[in-house]
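Working notes, beginning with the structure itself.
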Amino acid sequence: MPVSDTVARDDTDAEGDRLPINELFASLQGEGKLAGVPSTFVRTSGCNLRCWFCDSFHTSWEPTHAWMSLDEIVAEVESRSPEHVVVTGGEPLVHDETDALLSALADDYHLTVETNGTLETDAPVDLASISPKLASSTPTPDNAPADVDPGVWTERHENARVDLDALASLVEHAADFQLKFVVTGRDDIDEIESLVADVRGVAAREVRDSDVLLMPEGQTREQLARTRTEVADLAAAFGYRYTPRLHVDLWNDAPET
Ligand SMILES: C[S@@+](CC[C@H](N)C(=O)[O-])C[C@H]1O[C@@H](n2cnc3c(N)ncnc32)[C@H](O)[C@@H]1O
Ligand SMILES: Nc1nc2[nH]cc(C(=O)O)c2c(=O)[nH]1
Ligand code: SF4
Ligand SMILES: [Mg+2]
């Protein structure tokens with residue numbers, strides 16, 4: 001099991017700007033303020049966290065990818081019609097080259113970055129879709145994916161999952177932002193309220209309740225069916241925004257959806 005933050009660069013990667021791409025596809029944005037918007041997704045591989053529930057197993061726990069040059073990625077994006085591009089992962093901001101990709105796309109596309117909120121970027125971002133990871137995301141031998149021993153990641157994930165300076169920087173820097181929490185149940189709400197208060201205390205930008213989104217944990221329709229009602233009730237009770245996971249509802253989070 002890889003312990004590295006990112007993925008090992010192979011020898012063909014020696015030259016130029018390249019990124020490890022797990023998948024690149026057009027779909028509807030399934031989550032957040034832009035749910036339903038046709039978008040091209042660029043999914044990088046490698047992450048500095050290991051959420052036990054990660055729905056992109058082959059970008060975190062067992063990374064698989066092809067190394068593509070920034071020019072190749074841009075050409076693939078240009079061959080698809082959506083005007084919105086979502087750069088996601090894995091954790092896209094673990095790669096320095098992600099900033100260069102965002103800059104290359106910025107003039108022609110609306111850019112959403114899906115990030116765990118632990119790393120900053122100076123690159124142009126239209127929507128910072130920040131998903132801070134709560135204590136309920138930390139992997140343990142009891143909740144880790146099948147046949148995976150979380151090992152050092154229990155402590156490593158727990159120590160790295162919240163960086164208030166990075167969160168404040170992302171909130172302040174992007175044209176728009178959302179704090180989109182993966183919610184396993186009502187036991188998460190105290191930490192959400194506390195973290196939102198902490199971000200409000202350091203960020204030089206208003207964080208409205210409508211900028212805070214509660215998203216049910218679930219990789220499949222069946223798992224979402226177990227969590228969505230409780231999470232929707234929490235959103236209504238605490239005044240936050242509920243977000244669905246449309247791609248799971250529509251396509252059960254099949255690859256390239
Ligand atoms: C695979 S992550 C990649 C981006 C970044 N690493 C992050 O976690 O925000 C994409 C989005 O899916 C969410 N996500 C991952 N696994 C999930 C699950 N089991 N249930 C609900 N949301 C999940 C993440 O919180 C994030 O908003
Ligand atoms: N349709 C669709 N919408 C998404 N929004 C965020 C996603 C992600 O994996 O970052 C995602 C995804 O994987 N598919
Ligand atoms: S931070 Fe994102 S990519 Fe990394 S393990 Fe968690 S959900 Fe997966
Ligand atoms: Mg996804």
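All residue names refer to the structure tokens as shown: chains lettered A, B, ... in order, residues numbered from 1 in each chain, ligands numbered from 1 in order.
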* Residues near range 242-253 of chain A, cut-off 7 Å, only C-alpha atoms, skip fewer than 5 positions along chain, as a count of residues only -> 11
Could you list, with a cut-off of 6 Å and counting only C-alpha atoms and all ligand atoms, the residues of chain A near ligand 3, each shown with its nearest atom pair and the distance in Å rounded to one decimal, rows sorted by chain and ascending number, as a Markdown table?
| residue | atom | partner | partner_atom_place_in_ligand_line | distance |
| --- | --- | --- | --- | --- |
| A:Cys47 | CA | ligand 3 | 4 (Fe) | 4.8 |
| A:Leu49 | CA | ligand 3 | 4 (Fe) | 4.8 |
| A:Arg50 | CA | ligand 3 | 5 (S) | 3.9 |
| A:Cys51 | CA | ligand 3 | 5 (S) | 4.1 |
| A:Cys54 | CA | ligand 3 | 8 (Fe) | 4.0 |
| A:Ser56 | CA | ligand 3 | 8 (Fe) | 5.7 |
| A:Ser60 | CA | ligand 3 | 5 (S) | 5.3 |
| A:Gly89 | CA | ligand 3 | 3 (S) | 5.5 |
| A:Gly90 | CA | ligand 3 | 3 (S) | 3.5 |
| A:Glu91 | CA | ligand 3 | 3 (S) | 5.0 |
| A:Asn116 | CA | ligand 3 | 1 (S) | 5.0 |
* To do: Using only C-alpha atoms, pick whichever of A:His157, A:Arg200, A:Arg186, A:Arg205 has the shortest atom-to-atom distance to Phe238 in chain A.
  => A:Arg186
* Structure fact -> Residue with the minimum atom-to-atom distance to ligand 1, picked from A:Arg241, A:Arg161, A:Arg18, A:His110 with only C-alpha atoms and all ligand atoms counted, is A:Arg161
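Residues lying within 9 Å of Phe53 in chain A, counting only C-alpha atoms and ignoring same-chain neighbours fewer than 4 positions away, are A:Phe57, A:Ser137, A:Thr138, A:Pro139, A:Asn143, A:Ala144, A:Pro145, A:Glu217, A:Gly218, A:Gln219.
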